[in-house]
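Everything below belongs to structure19.txt, which stores compact mmCIF, C-alpha atoms.
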# COMPACT_ATOMS: atom_id res chain seq x y z
CA MET F 251 -51.01 -91.68 20.57
CA HIS F 252 -48.78 -91.81 17.52
CA PRO F 253 -48.26 -95.18 15.80
CA THR F 254 -44.79 -96.71 15.52
CA LEU F 255 -43.02 -97.95 12.38
CA ARG F 256 -40.76 -100.95 13.00
CA LEU F 257 -38.20 -102.70 10.79
CA TYR F 258 -37.21 -106.30 11.52
CA GLU F 259 -34.70 -108.61 9.91
CA ASP F 260 -35.98 -112.19 9.89
CA VAL F 261 -33.63 -115.09 9.17
CA LEU F 262 -35.45 -118.34 8.42
CA ALA F 263 -33.77 -121.74 8.31
CA ASP F 264 -34.68 -124.35 5.70
CA ASP F 265 -38.46 -125.03 5.75
CA ALA F 266 -39.00 -122.86 8.85
CA GLU F 267 -42.52 -121.55 9.51
CA THR F 268 -43.73 -118.42 11.29
CA PHE F 269 -46.91 -116.46 11.96
CA TRP F 270 -47.36 -112.70 12.39
CA PRO F 271 -50.56 -111.02 13.65
CA ALA F 272 -52.70 -108.61 11.65
CA LEU F 273 -50.80 -105.34 11.14
CA PRO F 274 -50.07 -103.06 8.18
CA ARG F 275 -46.77 -104.39 6.80
CA MET F 276 -44.44 -104.86 3.86
CA ILE F 277 -42.15 -107.88 3.62
CA PHE F 278 -39.11 -107.66 1.33
CA VAL F 279 -37.16 -110.83 0.46
CA VAL F 280 -33.47 -109.97 0.72
CA HIS F 281 -32.52 -113.45 -0.47
CA GLY F 282 -33.97 -116.93 -0.50
CA ALA F 283 -37.60 -117.90 -1.01
CA VAL F 284 -40.75 -118.04 1.12
CA THR F 285 -44.36 -119.07 0.56
CA ILE F 286 -47.25 -116.87 1.72
CA SER F 287 -50.84 -117.85 0.87
CA ASP F 288 -49.70 -120.23 -1.89
CA ARG F 289 -47.58 -117.49 -3.44
CA THR F 290 -43.81 -118.01 -3.59
CA LEU F 291 -41.63 -114.91 -3.22
CA ARG F 292 -37.97 -114.86 -4.18
CA ASP F 293 -35.07 -112.38 -4.09
CA GLU F 294 -36.27 -108.75 -4.08
CA GLU F 295 -39.98 -109.58 -4.27
CA THR F 296 -42.43 -108.16 -1.75
CA PHE F 297 -45.64 -108.93 0.08
CA SER F 298 -47.94 -106.36 1.69
CA GLY F 299 -51.23 -106.29 3.54
CA GLU F 300 -52.93 -105.67 6.87
CA SER F 301 -54.10 -109.23 7.65
CA ALA F 302 -52.34 -111.91 9.69
CA VAL F 303 -49.56 -113.70 7.80
CA ALA F 304 -48.50 -117.36 7.88
CA LEU F 305 -45.17 -117.85 6.12
CA LYS F 306 -42.97 -120.83 5.28
CA ALA F 307 -39.39 -120.75 4.00
CA GLU F 308 -38.37 -122.90 1.06
CA SER F 309 -35.64 -125.52 1.33
CA GLY F 310 -32.83 -122.95 1.08
CA GLY F 311 -34.16 -120.68 3.85
CA ALA F 312 -34.54 -116.92 3.52
CA THR F 313 -33.64 -113.52 4.92
CA LEU F 314 -36.43 -110.92 5.06
CA TRP F 315 -36.81 -107.25 5.93
CA ARG F 316 -40.21 -106.62 7.49
CA TRP F 317 -41.74 -103.19 8.07
CA GLU F 318 -44.80 -102.97 10.33
CA VAL F 319 -47.00 -100.15 11.64
CA VAL F 320 -48.26 -100.66 15.20
CA ARG F 321 -50.57 -98.58 17.37
CA ASP F 322 -49.16 -99.99 20.59
CA ALA F 323 -45.37 -100.17 20.75
CA ALA F 324 -45.73 -103.15 23.11
CA THR F 325 -47.46 -105.22 20.42
CA GLY F 326 -45.83 -108.63 20.26
CA ASP F 327 -44.04 -110.19 17.31
CA GLY F 328 -46.28 -113.19 16.76
CA ASN F 329 -45.11 -116.80 16.84
CA ALA F 330 -41.50 -116.83 15.66
CA GLY F 331 -41.48 -120.60 15.30
CA HIS F 332 -38.57 -123.03 15.26
CA GLY F 333 -35.70 -122.00 12.99
CA VAL F 334 -36.70 -118.32 12.85
CA LEU F 335 -34.48 -115.54 14.22
CA SER F 336 -36.05 -112.06 14.25
CA ARG F 337 -34.16 -108.90 15.19
CA GLU F 338 -35.54 -105.38 15.38
CA LYS F 339 -33.27 -103.15 13.31
CA LEU F 340 -35.04 -99.85 13.98
CA ALA F 341 -38.29 -98.46 15.40
CA ALA F 342 -39.59 -94.89 15.31
CA ARG F 343 -42.74 -93.17 16.56
CA LEU F 344 -44.49 -91.52 13.64
CA GLU F 345 -44.84 -88.12 15.27
CA THR F 346 -44.68 -86.36 11.89
CA ALA F 347 -47.16 -88.64 10.10
CA PRO F 348 -49.67 -86.61 8.08
CA LYS F 349 -53.23 -86.36 9.33
CA GLY F 350 -56.17 -88.05 7.70
CA ALA F 351 -56.21 -90.94 5.21
CA LEU F 352 -52.80 -92.61 4.88
CA LEU F 353 -50.80 -94.66 2.42
CA LEU F 354 -47.98 -97.14 3.04
CA ARG F 355 -45.42 -96.90 0.25
CA GLY F 356 -42.62 -99.40 -0.15
CA ASP F 357 -40.03 -98.68 -2.83
CA SER F 358 -36.36 -98.71 -3.71
CA VAL F 359 -34.09 -95.77 -4.52
CA ALA F 360 -30.98 -96.42 -6.62
CA PHE F 361 -27.98 -94.18 -7.33
CA PRO F 362 -25.13 -94.51 -9.84
CA PRO F 363 -21.61 -94.26 -8.40
CA GLY F 364 -21.21 -90.82 -6.83
CA GLY F 365 -24.87 -89.88 -7.34
CA CYS F 366 -26.73 -87.68 -4.89
CA ALA F 367 -30.21 -86.54 -3.88
CA TYR F 368 -30.21 -82.76 -3.57
CA LEU F 369 -31.54 -81.17 -0.39
CA HIS F 370 -35.14 -82.32 -0.15
CA ARG F 371 -37.96 -83.44 2.08
CA HIS F 372 -40.90 -85.86 1.82
CA GLN F 373 -44.60 -85.71 2.63
CA GLY F 374 -44.31 -88.23 5.46
CA PRO F 375 -41.88 -90.19 7.65
CA GLY F 376 -40.21 -93.50 6.89
CA ILE F 377 -37.44 -96.03 7.55
CA ARG F 378 -34.77 -96.81 4.95
CA CYS F 379 -32.40 -99.78 4.80
CA LEU F 380 -29.38 -99.95 2.50
CA ILE F 381 -29.17 -103.09 0.40
CA GLU F 382 -26.02 -102.31 -1.61
CA GLY F 383 -23.27 -99.70 -1.90
CA GLY F 384 -22.78 -96.93 0.64
CA ILE F 385 -24.49 -93.65 1.45
CA ARG F 386 -24.03 -90.53 3.56
CA ILE F 387 -27.12 -88.85 4.96
CA ASP F 388 -26.90 -85.18 6.00
CA THR F 389 -29.75 -83.87 8.18
CA HIS F 390 -30.16 -81.83 11.36
CA GLY F 391 -26.61 -80.53 10.90
CA ARG F 392 -25.12 -84.05 11.17
CA SER F 393 -23.67 -86.50 8.65
CA THR F 394 -24.03 -90.27 9.08
CA SER F 395 -22.70 -92.95 6.74
CA TYR F 396 -24.33 -96.34 6.19
CA GLY F 397 -23.21 -99.59 4.61
CA PRO F 398 -25.30 -102.58 3.48
CA GLY F 399 -27.83 -103.50 6.15
CA GLY F 400 -27.68 -100.06 7.77
CA ALA F 401 -31.07 -98.54 8.60
CA TRP F 402 -32.12 -94.96 9.30
CA TYR F 403 -35.26 -92.91 9.91
CA GLU F 404 -36.28 -89.71 8.15
CA THR F 405 -39.04 -87.54 9.60
CA GLY F 406 -40.37 -86.32 6.25
CA PRO F 407 -40.54 -82.55 6.80
CA ASP F 408 -36.86 -82.17 7.81
CA GLY F 409 -34.43 -81.44 4.98
CA VAL F 410 -32.08 -84.25 3.87
CA PHE F 411 -29.13 -84.42 1.47
CA ALA F 412 -27.98 -87.89 0.37
CA GLN F 413 -24.56 -88.66 -1.14
CA ALA F 414 -23.94 -92.11 -2.61
CA ALA F 415 -20.54 -93.81 -2.51
CA ASP F 416 -18.31 -94.39 -5.55
CA ARG F 417 -20.20 -97.57 -6.46
CA PRO F 418 -23.81 -98.42 -7.30
CA THR F 419 -25.97 -97.77 -4.24
CA ARG F 420 -29.54 -98.67 -3.42
CA PHE F 421 -31.84 -98.64 -0.41
CA ILE F 422 -35.29 -100.03 0.34
CA ARG F 423 -37.72 -97.82 2.24
CA VAL F 424 -41.21 -97.70 3.66
CA MET F 425 -42.89 -94.32 4.11
CA ILE F 426 -46.26 -93.27 5.54
CA LEU F 427 -47.76 -90.67 3.22
CA PRO F 428 -51.07 -88.88 2.67
CA ARG F 429 -53.33 -91.11 0.59
CA ALA F 430 -53.55 -88.31 -1.98
CA TYR F 431 -49.99 -89.28 -3.04
CA LEU F 432 -51.08 -92.70 -4.32
CA GLY F 433 -48.95 -93.23 -7.44
CA LYS F 434 -47.32 -89.80 -7.10
CA SER F 435 -43.82 -88.72 -6.08
CA SER F 436 -43.50 -87.50 -2.49
CA ILE F 437 -40.21 -85.61 -2.90
CA GLU F 438 -39.92 -81.82 -2.65
CA TYR F 439 -36.60 -80.08 -3.39
CA LEU F 440 -35.82 -77.21 -1.05
CA ASN F 441 -33.47 -75.15 -3.20
CA GLU F 442 -35.02 -73.54 -6.25
CA ALA F 443 -31.89 -74.11 -8.35
CA ASP F 444 -32.01 -77.88 -7.71
CA LYS F 445 -35.54 -78.33 -9.02
CA THR F 446 -34.49 -78.17 -12.67
CA LYS F 447 -31.17 -80.04 -12.37
CA PRO F 448 -30.94 -83.59 -13.76
CA LYS F 449 -31.56 -86.14 -11.00
CA SER F 450 -29.33 -89.19 -10.66
CA GLN F 451 -31.59 -91.36 -8.50
CA THR F 452 -34.15 -93.82 -9.90
CA TYR F 453 -37.15 -95.36 -8.19
CA ARG F 454 -39.09 -98.60 -8.18
CA ILE F 455 -42.39 -98.74 -6.30
CA TYR F 456 -43.19 -102.16 -4.82
CA VAL F 457 -46.22 -101.23 -2.71
CA ASP F 458 -48.70 -98.34 -2.63
CA MET F 459 -51.20 -99.56 -0.04
CA PRO F 460 -54.00 -97.39 1.38
CA LEU F 461 -54.20 -97.94 5.15
CA THR F 462 -57.37 -98.44 7.14
CA MET F 463 -55.78 -96.58 10.07
CA GLU F 464 -55.33 -92.83 10.41
CA ALA F 465 -52.54 -91.00 12.22
CA ALA F 466 -53.23 -89.67 15.71
CA ARG F 467 -54.14 -85.99 15.75
How does this structure look as structure tokens?
Amino acid sequence: MHPTLRLYEDVLADDAETFWPALPRMIFVVHGAVTISDRTLRDEETFSGESAVALKAESGGATLWRWEVVRDAATGDGNAGHGVLSREKLAARLETAPKGALLLRGDSVAFPPGGCAYLHRHQGPGIRCLIEGGIRIDTHGRSTSYGPGGAWYETGPDGVFAQAADRPTRFIRVMILPRAYLGKSSIEYLNEADKTKPKSQTYRIYVDMPLTMEAAR
């Protein structure tokens, strides 16, 4: 059975506490501050791991984006706790996950106004969520536009063209890649002419975490 990648938005009131069971995950702080294992995370900082997580918001509360990989889609969401509102933004079965040893990569992709990512594919599937600007995603013969907070899934092997809006644009993503891509780019341009063109997008890797799980064969 293929695992599932889920993206949640968690809104924590002042000093709220929550607990999530052991799963491969990345937590991204959209705004606010939280404490995990005596470490305080603030705006745009991340936490990753496969162990259970106990988390407490600071006095100003926090909003988080939380990606998790689950074997059983019915797996629960832990103990939400008082003052915690969790909403699933998107979930996708990882039917195109590569075989063998895997890597969870969490990063951000930023575009200048009007920038684009030429027709390309990646070495594994993932869920993206726009944090600023606007973007149009062309794939499977369809175009879909997203604003801040919008989330979408890309299979990896299917070609995608991305067109940013006329303002700075950035999204956060988590992909499941072959472990051989640790520290390496996963993008592959599909048109020969695009391979040598200047690229407008820039990247910041937050997490490159080898997973103990393997994809279903």
Listing only residues of region 295-324 of chain F within 9 Å of region 264-270 of chain F, what is the closest atom pair and its distance in Å (to one decimal) for each, using all atoms listed in the file, sorted by chain and residue number ascending, as a Markdown table?
| residue | atom | partner | partner_atom | distance |
| --- | --- | --- | --- | --- |
| F:Ser301 | CA | F:Trp270 | CA | 8.9 |
| F:Ala302 | CA | F:Trp270 | CA | 5.7 |
| F:Val303 | CA | F:Trp270 | CA | 5.2 |
| F:Ala304 | CA | F:Phe269 | CA | 4.5 |
| F:Leu305 | CA | F:Thr268 | CA | 5.4 |
| F:Lys306 | CA | F:Glu267 | CA | 4.3 |
| F:Ala307 | CA | F:Asp265 | CA | 4.7 |
| F:Glu308 | CA | F:Asp265 | CA | 5.2 |
| F:Ser309 | CA | F:Asp264 | CA | 4.6 |
| F:Gly310 | CA | F:Asp264 | CA | 5.2 |
| F:Gly311 | CA | F:Asp264 | CA | 4.1 |
| F:Ala312 | CA | F:Asp264 | CA | 7.7 |
So for region 397-410 of chain F, what box centre and size do we get, axis-aligned, 3 Å extra on each of the six sides, every listed atom, Å to one decimal, as JSON?
{"center_x": -31.9, "center_y": -92.5, "center_z": 6.7, "size_x": 23.3, "size_y": 28.1, "size_z": 12.4}
Practice prompt. Choose the residue, out of F:Pro253, F:Gly299, F:Gly350, F:Gly391, that has the smallest atom-to-atom separation from Leu273 (chain F); count only C-alpha atoms.
Written response: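 Answer, going by the shortest atom-to-atom distance: F:Gly299.
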Worksheet item: Nearest to Leu255 (chain F) among F:Lys339, F:Lys445, F:Arg454, F:Arg417, with distances taken over all atoms listed in the file: which residue is it?
Response: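 Among the listed residues, F:Lys339 lies closest to Leu255 (chain F).
Comparing the minimum interatomic distances between His332 (chain F) and each of F:Lys447, F:Leu262, F:Arg275, F:Asn441, counting only C-alpha atoms, we find that F:Leu262 sits nearest.
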Discussion item. Taking 3 positions as the minimum chain separation for residues in the same chain, which residues sit within 10 Å of Val261 (chain F) when counting only C-alpha atoms? Answer as a PyMOL selection string.
Written reply: chain F and resi 258+264+266+280-282+307+311-315+333-337
Discussion item. Counting only C-alpha atoms, which residues sit no farther than 6 Å from the position (-43.3, -110.2, 4.6) in the file's frame? I'd like them as a PyMOL selection string.
Written reply: chain F and resi 276-278+297+316
Near Arg355 (chain F), counting only C-alpha atoms, which residues have an atom at most 12 Å away, once you skip same-chain residues fewer than 6 positions from it, shown as an mmCIF file with C-alpha atoms, in the frame of the given file?
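selection.cif, written as the output of this step:
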data_model
loop_
_atom_site.group_PDB
_atom_site.id
_atom_site.type_symbol
_atom_site.label_atom_id
_atom_site.label_comp_id
_atom_site.auth_asym_id
_atom_site.auth_seq_id
_atom_site.Cartn_x
_atom_site.Cartn_y
_atom_site.Cartn_z
ATOM 1 C CA PRO F 274 -50.070 -103.060 8.180
ATOM 2 C CA ARG F 275 -46.770 -104.390 6.800
ATOM 3 C CA MET F 276 -44.440 -104.860 3.860
ATOM 4 C CA ILE F 277 -42.150 -107.880 3.620
ATOM 5 C CA THR F 296 -42.430 -108.160 -1.750
ATOM 6 C CA SER F 298 -47.940 -106.360 1.690
ATOM 7 C CA GLY F 299 -51.230 -106.290 3.540
ATOM 8 C CA TRP F 317 -41.740 -103.190 8.070
ATOM 9 C CA GLU F 318 -44.800 -102.970 10.330
ATOM 10 C CA VAL F 319 -47.000 -100.150 11.640
ATOM 11 C CA GLN F 373 -44.600 -85.710 2.630
ATOM 12 C CA GLY F 374 -44.310 -88.230 5.460
ATOM 13 C CA PRO F 375 -41.880 -90.190 7.650
ATOM 14 C CA GLY F 376 -40.210 -93.500 6.890
ATOM 15 C CA ILE F 377 -37.440 -96.030 7.550
ATOM 16 C CA ARG F 378 -34.770 -96.810 4.950
ATOM 17 C CA ILE F 422 -35.290 -100.030 0.340
ATOM 18 C CA ARG F 423 -37.720 -97.820 2.240
ATOM 19 C CA VAL F 424 -41.210 -97.700 3.660
ATOM 20 C CA MET F 425 -42.890 -94.320 4.110
ATOM 21 C CA ILE F 426 -46.260 -93.270 5.540
ATOM 22 C CA LEU F 427 -47.760 -90.670 3.220
ATOM 23 C CA PRO F 428 -51.070 -88.880 2.670
ATOM 24 C CA ARG F 429 -53.330 -91.110 0.590
ATOM 25 C CA TYR F 431 -49.990 -89.280 -3.040
ATOM 26 C CA LEU F 432 -51.080 -92.700 -4.320
ATOM 27 C CA GLY F 433 -48.950 -93.230 -7.440
ATOM 28 C CA LYS F 434 -47.320 -89.800 -7.100
ATOM 29 C CA SER F 435 -43.820 -88.720 -6.080
ATOM 30 C CA SER F 436 -43.500 -87.500 -2.490
ATOM 31 C CA TYR F 453 -37.150 -95.360 -8.190
ATOM 32 C CA ARG F 454 -39.090 -98.600 -8.180
ATOM 33 C CA ILE F 455 -42.390 -98.740 -6.300
ATOM 34 C CA TYR F 456 -43.190 -102.160 -4.820
ATOM 35 C CA VAL F 457 -46.220 -101.230 -2.710
ATOM 36 C CA ASP F 458 -48.700 -98.340 -2.630
ATOM 37 C CA MET F 459 -51.200 -99.560 -0.040
ATOM 38 C CA PRO F 460 -54.000 -97.390 1.380
ATOM 39 C CA LEU F 461 -54.200 -97.940 5.150
#
Practice prompt. Using all atoms listed in the file, collect all residues at a distance of at most 8 Å from (-32.8, -99.6, 14.7) as written in the file, then present them as a list in words.
Written response: Leu257, Glu338, Lys339, Leu340, Ala341, Ala401 and Trp402 of chain F
Practice prompt. Write out as a list in words the residues lying within 9 Å of Ala415 (chain F), counting all atoms listed in the file and excluding same-chain residues fewer than 5 positions away.
Written response: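 Near Ala415 (chain F), the qualifying residues are Phe361, Pro362, Pro363, Gly364, Gly365, Gly383, Gly384, Ile385 and Arg386 of chain F.
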Go ahead and save the picked residues with C-alpha atoms, as a PDB file, in the coordinates of the input.
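Saved file part.pdb follows:
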ATOM      1  CA  PHE F 361     -27.980 -94.180  -7.330  1.00  0.00           C
ATOM      2  CA  PRO F 362     -25.130 -94.510  -9.840  1.00  0.00           C
ATOM      3  CA  PRO F 363     -21.610 -94.260  -8.400  1.00  0.00           C
ATOM      4  CA  GLY F 364     -21.210 -90.820  -6.830  1.00  0.00           C
ATOM      5  CA  GLY F 365     -24.870 -89.880  -7.340  1.00  0.00           C
ATOM      6  CA  GLY F 383     -23.270 -99.700  -1.900  1.00  0.00           C
ATOM      7  CA  GLY F 384     -22.780 -96.930   0.640  1.00  0.00           C
ATOM      8  CA  ILE F 385     -24.490 -93.650   1.450  1.00  0.00           C
ATOM      9  CA  ARG F 386     -24.030 -90.530   3.560  1.00  0.00           C
TER      10      ARG F 386
END
Practice prompt. Rank nothing, just name the residue among F:Thr405, F:Thr394, F:Ser287, F:Thr452 nearest to Pro348 (chain F), using only C-alpha atoms.
Written response: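 Residue with the minimum atom-to-atom distance to Pro348 (chain F): F:Thr405.
The gap separating CA of Gly356 (chain F) from CA of Gly399 (chain F) is 16.6 Å, in Å to one decimal.
With distances restricted to all atoms listed in the file, F:His370 is the closest residue to Glu442 (chain F) from F:Ser395, F:His370, F:Asp288, F:Ala414.
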Item to complete: Please measure the separation of CA of Gln451 (chain F) and CA of Ala360 (chain F), giving the value in Å to one decimal.
Response: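 Going from CA of Gln451 (chain F) over to CA of Ala360 (chain F), I get 5.4 Å.
Taking CA of Ser358 (chain F) as the reference point, CA of Phe421 (chain F) is found at 5.6 Å.
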Taking N, CA and C atoms as the atom set, what does region 353-378 of chain F look like once completed, written as a PDB file, in the coordinates of the input?
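So the final result, stored in selection-v1.pdb, reads:
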ATOM      1  N   LEU F 353     -51.301 -93.730   3.421  1.00  0.00           N
ATOM      2  CA  LEU F 353     -50.800 -94.660   2.420  1.00  0.00           C
ATOM      3  C   LEU F 353     -49.465 -95.213   2.906  1.00  0.00           C
ATOM      4  N   LEU F 354     -49.286 -96.532   2.798  1.00  0.00           N
ATOM      5  CA  LEU F 354     -47.980 -97.140   3.040  1.00  0.00           C
ATOM      6  C   LEU F 354     -47.324 -97.366   1.694  1.00  0.00           C
ATOM      7  N   ARG F 355     -46.176 -96.711   1.494  1.00  0.00           N
ATOM      8  CA  ARG F 355     -45.420 -96.900   0.250  1.00  0.00           C
ATOM      9  C   ARG F 355     -44.119 -97.634   0.548  1.00  0.00           C
ATOM     10  N   GLY F 356     -43.891 -98.695  -0.198  1.00  0.00           N
ATOM     11  CA  GLY F 356     -42.620 -99.400  -0.150  1.00  0.00           C
ATOM     12  C   GLY F 356     -41.962 -99.303  -1.509  1.00  0.00           C
ATOM     13  N   ASP F 357     -40.717 -98.817  -1.541  1.00  0.00           N
ATOM     14  CA  ASP F 357     -40.030 -98.680  -2.830  1.00  0.00           C
ATOM     15  C   ASP F 357     -38.535 -98.818  -2.644  1.00  0.00           C
ATOM     16  N   SER F 358     -37.815 -98.730  -3.751  1.00  0.00           N
ATOM     17  CA  SER F 358     -36.360 -98.710  -3.710  1.00  0.00           C
ATOM     18  C   SER F 358     -35.871 -97.445  -4.403  1.00  0.00           C
ATOM     19  N   VAL F 359     -34.730 -96.951  -3.928  1.00  0.00           N
ATOM     20  CA  VAL F 359     -34.090 -95.770  -4.520  1.00  0.00           C
ATOM     21  C   VAL F 359     -32.669 -96.164  -4.871  1.00  0.00           C
ATOM     22  N   ALA F 360     -32.300 -95.998  -6.135  1.00  0.00           N
ATOM     23  CA  ALA F 360     -30.980 -96.420  -6.620  1.00  0.00           C
ATOM     24  C   ALA F 360     -30.200 -95.220  -7.135  1.00  0.00           C
ATOM     25  N   PHE F 361     -28.886 -95.231  -6.877  1.00  0.00           N
ATOM     26  CA  PHE F 361     -27.980 -94.180  -7.330  1.00  0.00           C
ATOM     27  C   PHE F 361     -26.844 -94.792  -8.134  1.00  0.00           C
ATOM     28  N   PRO F 362     -26.379 -94.106  -9.180  1.00  0.00           N
ATOM     29  CA  PRO F 362     -25.130 -94.510  -9.840  1.00  0.00           C
ATOM     30  C   PRO F 362     -23.959 -94.150  -8.928  1.00  0.00           C
ATOM     31  N   PRO F 363     -22.766 -94.638  -9.212  1.00  0.00           N
ATOM     32  CA  PRO F 363     -21.610 -94.260  -8.400  1.00  0.00           C
ATOM     33  C   PRO F 363     -21.485 -92.738  -8.292  1.00  0.00           C
ATOM     34  N   GLY F 364     -21.382 -92.254  -7.060  1.00  0.00           N
ATOM     35  CA  GLY F 364     -21.210 -90.820  -6.830  1.00  0.00           C
ATOM     36  C   GLY F 364     -22.468 -89.988  -6.969  1.00  0.00           C
ATOM     37  N   GLY F 365     -23.618 -90.624  -7.191  1.00  0.00           N
ATOM     38  CA  GLY F 365     -24.870 -89.880  -7.340  1.00  0.00           C
ATOM     39  C   GLY F 365     -25.317 -89.263  -6.023  1.00  0.00           C
ATOM     40  N   CYS F 366     -26.232 -88.319  -6.103  1.00  0.00           N
ATOM     41  CA  CYS F 366     -26.730 -87.680  -4.890  1.00  0.00           C
ATOM     42  C   CYS F 366     -28.201 -87.339  -5.049  1.00  0.00           C
ATOM     43  N   ALA F 367     -28.861 -87.102  -3.904  1.00  0.00           N
ATOM     44  CA  ALA F 367     -30.210 -86.540  -3.880  1.00  0.00           C
ATOM     45  C   ALA F 367     -30.075 -85.159  -3.256  1.00  0.00           C
ATOM     46  N   TYR F 368     -30.349 -84.129  -4.052  1.00  0.00           N
ATOM     47  CA  TYR F 368     -30.210 -82.760  -3.570  1.00  0.00           C
ATOM     48  C   TYR F 368     -31.105 -82.520  -2.347  1.00  0.00           C
ATOM     49  N   LEU F 369     -30.804 -81.477  -1.614  1.00  0.00           N
ATOM     50  CA  LEU F 369     -31.540 -81.170  -0.390  1.00  0.00           C
ATOM     51  C   LEU F 369     -33.046 -81.217  -0.650  1.00  0.00           C
ATOM     52  N   HIS F 370     -33.727 -82.056   0.124  1.00  0.00           N
ATOM     53  CA  HIS F 370     -35.140 -82.320  -0.150  1.00  0.00           C
ATOM     54  C   HIS F 370     -35.848 -82.728   1.125  1.00  0.00           C
ATOM     55  N   ARG F 371     -37.155 -82.861   1.008  1.00  0.00           N
ATOM     56  CA  ARG F 371     -37.960 -83.440   2.080  1.00  0.00           C
ATOM     57  C   ARG F 371     -39.071 -84.264   1.439  1.00  0.00           C
ATOM     58  N   HIS F 372     -39.795 -85.017   2.284  1.00  0.00           N
ATOM     59  CA  HIS F 372     -40.900 -85.860   1.820  1.00  0.00           C
ATOM     60  C   HIS F 372     -42.177 -85.496   2.561  1.00  0.00           C
ATOM     61  N   GLN F 373     -43.287 -86.041   2.076  1.00  0.00           N
ATOM     62  CA  GLN F 373     -44.600 -85.710   2.630  1.00  0.00           C
ATOM     63  C   GLN F 373     -44.982 -86.582   3.824  1.00  0.00           C
ATOM     64  N   GLY F 374     -44.052 -87.382   4.299  1.00  0.00           N
ATOM     65  CA  GLY F 374     -44.310 -88.230   5.460  1.00  0.00           C
ATOM     66  C   GLY F 374     -43.054 -88.950   5.890  1.00  0.00           C
ATOM     67  N   PRO F 375     -43.061 -89.529   7.097  1.00  0.00           N
ATOM     68  CA  PRO F 375     -41.880 -90.190   7.650  1.00  0.00           C
ATOM     69  C   PRO F 375     -41.680 -91.595   7.110  1.00  0.00           C
ATOM     70  N   GLY F 376     -40.467 -92.142   7.324  1.00  0.00           N
ATOM     71  CA  GLY F 376     -40.210 -93.500   6.890  1.00  0.00           C
ATOM     72  C   GLY F 376     -38.859 -94.022   7.335  1.00  0.00           C
ATOM     73  N   ILE F 377     -38.698 -95.339   7.221  1.00  0.00           N
ATOM     74  CA  ILE F 377     -37.440 -96.030   7.550  1.00  0.00           C
ATOM     75  C   ILE F 377     -36.848 -96.590   6.274  1.00  0.00           C
ATOM     76  N   ARG F 378     -35.541 -96.311   6.089  1.00  0.00           N
ATOM     77  CA  ARG F 378     -34.770 -96.810   4.950  1.00  0.00           C
ATOM     78  C   ARG F 378     -33.790 -97.870   5.419  1.00  0.00           C
TER      79      ARG F 378
END
